[in-house]
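Data first, discussion second: the structure below is written as structure tokens.
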Amino acid sequence: MGSAGFKQQLLLALVLLPITFALWYASAQLLVAPASLVSDWILRFWLSDLVTSSGLSGTTFVVETSLGSMNGAIVPAKTAGNVITFEIDTNLVSYSLPFYTALLWASRVDRQLDKFLFGLVTIWCLMAIGVTAMIAKEMMFAIPDAFASAAGRPSPHIVALSYQFNVLLMPTLSPVALWLYQLRGSPLWDELSRRLDEASNTRFD
Amino acid sequence: MPKFFLTFAASLLILFTLELLKPVQQYLIQPFTGGLASLSTTIIEPFDANVISHGRVIRDSASGFAVSIEAGCNGVEATIVLIAAVLAFPATWRHKLIAIVAGFLAIQALNIARIISLFYLGQWNFSIFEWTHLYLWPVLIMLDVLMVFAIYLRWLTIPNATQRNPEQVENG
């Protein structure tokens, strides 16, 4: 086992990826629905002054605001006679699901279904945060003043870091982290853990 | 294990914050990204004379199709994940440095393959280009990071194993 087993599992995950991606592509709207509900809840709680409604249209998360555009100025939607909406491609964060599924299916772990369900719920929560981070970034650029006052004036750096972390990194990192966490108790985990303990007890000059 | 994960998470956060700093973007990330475009063009040119690059953009002069290498497409995030994992795993600084340099090269080799494949996929079918660009290639790059880290773990333990029990290594 050990890192040779680690490599074998990664190669098996690579083989399984086309299957899990095909399943994800066929059922993407269904798979993203719980995450979109959480995003909707976060937006209504955080940006209640700004967001009037949000929800899924296919795999696109659509947010309607209370604002509109008139002669290049941002004004209330009633005054403008139009509504500024934001559309987010949820696939940009939901592709973590087929990646996680391939990693887990490639592993020999006990209670695989229980672990998969736990992973699914965790990834839904992370997806919801990712969708919210994308909305925050879009709003920061499109309606900066309204967003800053409604969201409690978050620093642009915080929004940028949140986007970077939750959208560019987490969809690929979270499946790996979850998978490693769920390997606990497996022979591969025991071997990796033993090696880490050995390395930790070694003095490096 | 908890120490490994804490060090990993802290390194990740620090490196990502550093990457976002304006001077780092201006003097390191953007020139590096431009270099990736030039290198990709240099690799393609012997097979396709229509390819030109300027800045972060690779263009096909015949069809006019162009790709721009943006943040998230330059392999820097994947490299940061690898560096954080290598820093968190106990080893000598020499081993860590070799792993980071070799891992960086492995990630960038695959990333250049990604850029070139996307350049041609985009000219062939834009839907497939988008799909592979946004969803499939990021996963393959992360698998590459994992594979590099697995090879590093294997490499780290070989000298130790040899010292402990030479026969075990020969038979293993």
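Each chain of the structure tokens is named A, B, ... in the order shown, its residues numbered from 1; ligands are numbered from 1 in display order.
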**OP:** Would you list, as a ChimeraX atom specification, the residues of range 26-134 of chain B that end up in alpha helix (DSSP H) under DSSP run on this structure's backbone?
**Re:** /B:30-44,76-88,93-124,126-131
**OP:** Quick one: pick out all strand (DSSP E or B) residues within range 9-102 of chain A from a backbone DSSP run and write them as a list in words.
**Re:**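 Assigned to strand (DSSP E or B), within range 9-102 of chain A: Val51, Thr52, Ser53, Ser54, Gly55, Leu56, Ser57, Thr60, Phe61, Val62, Val63, Glu64, Thr65, Leu67, Gly68, Ser69, Met70, Ala73, Ile74, Val75, Pro76, Thr85, Phe86, Glu87, Ile88 and Asp89 of chain A.
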Same residues, N, CA and C atoms, saved as a JSON list (two decimals), in the first residue's frame:
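This is the output file result_31.json:
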[["chain", "number", "residue", "atom", "x", "y", "z"],
["A", 51, "VAL", "N", -31.11, 42.38, -2.78],
["A", 51, "VAL", "CA", -31.59, 41.22, -3.53],
["A", 51, "VAL", "C", -33.09, 41.04, -3.32],
["A", 52, "THR", "N", -33.82, 41.01, -4.44],
["A", 52, "THR", "CA", -35.28, 40.80, -4.31],
["A", 52, "THR", "C", -35.65, 39.34, -4.51],
["A", 53, "SER", "N", -34.94, 38.67, -5.40],
["A", 53, "SER", "CA", -35.19, 37.23, -5.58],
["A", 53, "SER", "C", -33.96, 36.57, -6.19],
["A", 54, "SER", "N", -33.83, 35.29, -5.95],
["A", 54, "SER", "CA", -32.74, 34.53, -6.56],
["A", 54, "SER", "C", -33.15, 33.09, -6.70],
["A", 55, "GLY", "N", -32.61, 32.43, -7.70],
["A", 55, "GLY", "CA", -32.97, 31.03, -7.90],
["A", 55, "GLY", "C", -32.32, 30.47, -9.15],
["A", 56, "LEU", "N", -32.59, 29.20, -9.37],
["A", 56, "LEU", "CA", -31.96, 28.51, -10.51],
["A", 56, "LEU", "C", -32.79, 28.62, -11.78],
["A", 57, "SER", "N", -32.08, 28.79, -12.88],
["A", 57, "SER", "CA", -32.71, 28.66, -14.20],
["A", 57, "SER", "C", -31.78, 27.73, -14.97],
["A", 60, "THR", "N", -28.01, 27.91, -14.24],
["A", 60, "THR", "CA", -27.62, 29.31, -14.00],
["A", 60, "THR", "C", -28.34, 29.85, -12.77],
["A", 61, "PHE", "N", -27.56, 30.43, -11.87],
["A", 61, "PHE", "CA", -28.14, 31.03, -10.67],
["A", 61, "PHE", "C", -28.42, 32.50, -10.98],
["A", 62, "VAL", "N", -29.69, 32.88, -10.92],
["A", 62, "VAL", "CA", -30.09, 34.23, -11.33],
["A", 62, "VAL", "C", -30.48, 35.04, -10.09],
["A", 63, "VAL", "N", -29.89, 36.22, -9.97],
["A", 63, "VAL", "CA", -30.19, 37.10, -8.84],
["A", 63, "VAL", "C", -30.80, 38.39, -9.38],
["A", 64, "GLU", "N", -31.97, 38.71, -8.91],
["A", 64, "GLU", "CA", -32.62, 39.98, -9.28],
["A", 64, "GLU", "C", -32.42, 40.97, -8.14],
["A", 65, "THR", "N", -32.05, 42.20, -8.51],
["A", 65, "THR", "CA", -31.80, 43.21, -7.47],
["A", 65, "THR", "C", -32.95, 44.22, -7.43],
["A", 67, "LEU", "N", -32.42, 47.22, -7.92],
["A", 67, "LEU", "CA", -31.87, 48.36, -8.66],
["A", 67, "LEU", "C", -32.08, 48.21, -10.15],
["A", 68, "GLY", "N", -32.02, 49.35, -10.83],
["A", 68, "GLY", "CA", -32.09, 49.37, -12.28],
["A", 68, "GLY", "C", -31.08, 50.37, -12.82],
["A", 69, "SER", "N", -31.03, 50.48, -14.12],
["A", 69, "SER", "CA", -30.06, 51.39, -14.74],
["A", 69, "SER", "C", -30.82, 52.41, -15.60],
["A", 70, "MET", "N", -30.50, 53.70, -15.38],
["A", 70, "MET", "CA", -31.14, 54.75, -16.18],
["A", 70, "MET", "C", -30.08, 55.77, -16.59],
["A", 73, "ALA", "N", -26.82, 55.58, -14.87],
["A", 73, "ALA", "CA", -26.78, 55.69, -13.40],
["A", 73, "ALA", "C", -27.55, 54.54, -12.78],
["A", 74, "ILE", "N", -27.10, 54.14, -11.59],
["A", 74, "ILE", "CA", -27.78, 53.08, -10.85],
["A", 74, "ILE", "C", -28.84, 53.72, -9.98],
["A", 75, "VAL", "N", -30.09, 53.36, -10.22],
["A", 75, "VAL", "CA", -31.21, 53.95, -9.47],
["A", 75, "VAL", "C", -32.16, 52.82, -9.06],
["A", 76, "PRO", "N", -33.13, 53.11, -8.17],
["A", 76, "PRO", "CA", -34.09, 52.05, -7.82],
["A", 76, "PRO", "C", -34.79, 51.51, -9.06],
["A", 85, "THR", "N", -29.96, 42.33, -13.12],
["A", 85, "THR", "CA", -29.88, 40.94, -12.68],
["A", 85, "THR", "C", -28.45, 40.42, -12.88],
["A", 86, "PHE", "N", -28.12, 39.44, -12.10],
["A", 86, "PHE", "CA", -26.80, 38.80, -12.21],
["A", 86, "PHE", "C", -27.01, 37.31, -12.47],
["A", 87, "GLU", "N", -26.25, 36.79, -13.41],
["A", 87, "GLU", "CA", -26.38, 35.37, -13.75],
["A", 87, "GLU", "C", -25.03, 34.68, -13.53],
["A", 88, "ILE", "N", -25.08, 33.61, -12.77],
["A", 88, "ILE", "CA", -23.86, 32.89, -12.40],
["A", 88, "ILE", "C", -23.94, 31.45, -12.89],
["A", 89, "ASP", "N", -22.90, 31.00, -13.54],
["A", 89, "ASP", "CA", -22.81, 29.61, -14.00],
["A", 89, "ASP", "C", -22.41, 28.73, -12.80]]
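Minimum atom-to-atom distance to Phe4 in chain B, evaluated using only C-alpha atoms, belongs to A:Leu192 out of A:Pro154, A:Ala13, A:Val131, A:Leu192.
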**OP:** Can you pull out every residue within 9 Å of Ala146 in chain A, counting only C-alpha atoms, but drop anything in the same chain fewer than 4 positions away, and send it as a PyMOL selection string?
**Re:** chain A and resi 50+67+74+139-140+150-151
Subject >> 8 Å contact set for range 31-36 of chain B, only C-alpha atoms, chain neighbours under 6 positions out, as a list of chain:residue names >> reply: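 With the cut-off at 8 Å, the set is B:His54, B:Gly55, B:Arg56, B:Val57, B:Ile69, B:Glu70, B:Asn74, B:Ile112.
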Those residues you just picked out, can you put them in a file as a PDB file, in the first residue's frame with C-alpha atoms?
ATOM      1  CA  HIS B  54       1.666  38.980 -27.667  1.00  0.00           C
ATOM      2  CA  GLY B  55       1.551  39.470 -23.928  1.00  0.00           C
ATOM      3  CA  ARG B  56      -0.717  36.829 -22.449  1.00  0.00           C
ATOM      4  CA  VAL B  57      -2.529  36.212 -25.751  1.00  0.00           C
ATOM      5  CA  ILE B  69      -4.082  33.241 -20.297  1.00  0.00           C
ATOM      6  CA  GLU B  70      -5.774  34.735 -17.244  1.00  0.00           C
ATOM      7  CA  ASN B  74      -1.434  29.873 -15.238  1.00  0.00           C
ATOM      8  CA  ILE B 112       1.332  24.104 -21.189  1.00  0.00           C
TER       9      ILE B 112
END
**OP:** Please identify all polymer residues within 10 Å of Ile115 in chain B, counting only C-alpha atoms, omitting same-chain residues fewer than 2 positions from it, and present them as a PyMOL selection string.
**Re:** chain B and resi 36-37+40-41+58+67-69+73-74+110-113+117-121+133+137
Print the selection's residues with C-alpha atoms to a file, as a compact mmCIF listing (two decimals), in the first residue's frame.
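Contents of part37.txt, as written:
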# COMPACT_ATOMS: atom_id res chain seq x y z
CA LEU B 36 3.81 30.87 -20.51
CA ALA B 37 2.11 32.28 -23.64
CA SER B 40 3.46 27.73 -25.66
CA THR B 41 3.86 29.60 -28.95
CA ILE B 58 -1.92 33.37 -28.22
CA VAL B 67 -6.83 32.66 -26.17
CA SER B 68 -5.74 34.86 -23.28
CA ILE B 69 -4.08 33.24 -20.30
CA CYS B 73 -5.14 29.50 -15.95
CA ASN B 74 -1.43 29.87 -15.24
CA LEU B 110 0.84 19.79 -17.91
CA ASN B 111 -0.41 23.37 -17.89
CA ILE B 112 1.33 24.10 -21.19
CA ALA B 113 -0.25 20.93 -22.62
CA SER B 117 -4.92 21.74 -26.27
CA LEU B 118 -7.38 24.53 -25.44
CA PHE B 119 -5.98 26.71 -28.21
CA TYR B 120 -6.82 24.03 -30.78
CA LEU B 121 -10.05 22.85 -29.12
CA HIS B 133 -11.32 24.75 -19.93
CA TRP B 137 -8.65 20.70 -16.96
Subject >> For Ala102 in chain A: contacts at 7 Å, only C-alpha atoms, fewer than 6 positions along chain excluded, given as an NGL selection string >> reply: :A and (13 or 16-17 or 20)
Original post:
When the cut-off is 10 Å and we count only C-alpha atoms, which residues of chain A are near chain B, given as a PyMOL selection string?
Top reply: chain A and resi 2-11+13-14+17-18+21+91-96+98-100+103+157-158+160-161+164-165+167-169+171-173+175-177+192-205
Original post:
Given the choices A:Asp145, A:Ala136, A:Cys125, A:Val109, which gets closest to Trp189 in chain A if the distance is worked out from only C-alpha atoms?
Top reply: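 Of the candidates, the smallest distance to Trp189 in chain A is held by A:Val109.
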Original post:
Quick one: residues within 12 Å of Ala62 in chain B, only C-alpha atoms counted, chain neighbours fewer than 5 positions away excluded, as a ChimeraX atom specification?
Top reply: /B:48-52,123
Take the residues from that selection and put them in a file with N, CA, C and O atoms, as a PDB file, in the first residue's frame.
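The file below, again-v4.pdb, is the result:
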ATOM      1  N   ASP B  48       2.963  24.730 -36.569  1.00  0.00           N
ATOM      2  CA  ASP B  48       1.885  25.619 -37.031  1.00  0.00           C
ATOM      3  C   ASP B  48       2.447  27.039 -37.154  1.00  0.00           C
ATOM      4  O   ASP B  48       2.614  27.747 -36.159  1.00  0.00           O
ATOM      5  N   ALA B  49       2.703  27.450 -38.382  1.00  0.00           N
ATOM      6  CA  ALA B  49       3.354  28.743 -38.617  1.00  0.00           C
ATOM      7  C   ALA B  49       2.417  29.926 -38.407  1.00  0.00           C
ATOM      8  O   ALA B  49       2.863  31.077 -38.352  1.00  0.00           O
ATOM      9  N   ASN B  50       1.115  29.653 -38.254  1.00  0.00           N
ATOM     10  CA  ASN B  50       0.147  30.753 -38.114  1.00  0.00           C
ATOM     11  C   ASN B  50       0.036  31.288 -36.686  1.00  0.00           C
ATOM     12  O   ASN B  50      -0.702  32.237 -36.444  1.00  0.00           O
ATOM     13  N   VAL B  51       0.723  30.656 -35.751  1.00  0.00           N
ATOM     14  CA  VAL B  51       0.547  31.025 -34.340  1.00  0.00           C
ATOM     15  C   VAL B  51       1.462  32.188 -33.961  1.00  0.00           C
ATOM     16  O   VAL B  51       2.659  32.172 -34.250  1.00  0.00           O
ATOM     17  N   ILE B  52       0.862  33.182 -33.297  1.00  0.00           N
ATOM     18  CA  ILE B  52       1.664  34.292 -32.774  1.00  0.00           C
ATOM     19  C   ILE B  52       1.229  34.562 -31.332  1.00  0.00           C
ATOM     20  O   ILE B  52       0.106  34.234 -30.945  1.00  0.00           O
ATOM     21  N   GLN B 123     -10.614  26.363 -31.556  1.00  0.00           N
ATOM     22  CA  GLN B 123     -10.782  26.574 -32.999  1.00  0.00           C
ATOM     23  C   GLN B 123     -11.686  25.509 -33.612  1.00  0.00           C
ATOM     24  O   GLN B 123     -12.279  25.714 -34.663  1.00  0.00           O
TER      25      GLN B 123
END
Original post:
In Å to one decimal, how far is CA of Leu30 in chain A from CA of Ser162 in chain A?
Top reply: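 So the two atoms, CA of Ser162 in chain A and CA of Leu30 in chain A, lie 25.7 Å apart.
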Original post:
So what do you get for CA of Thr90 in chain A versus CA of Ala148 in chain A, distance-wise?
Top reply: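 Between these atoms lies a distance of 23.9 Å.
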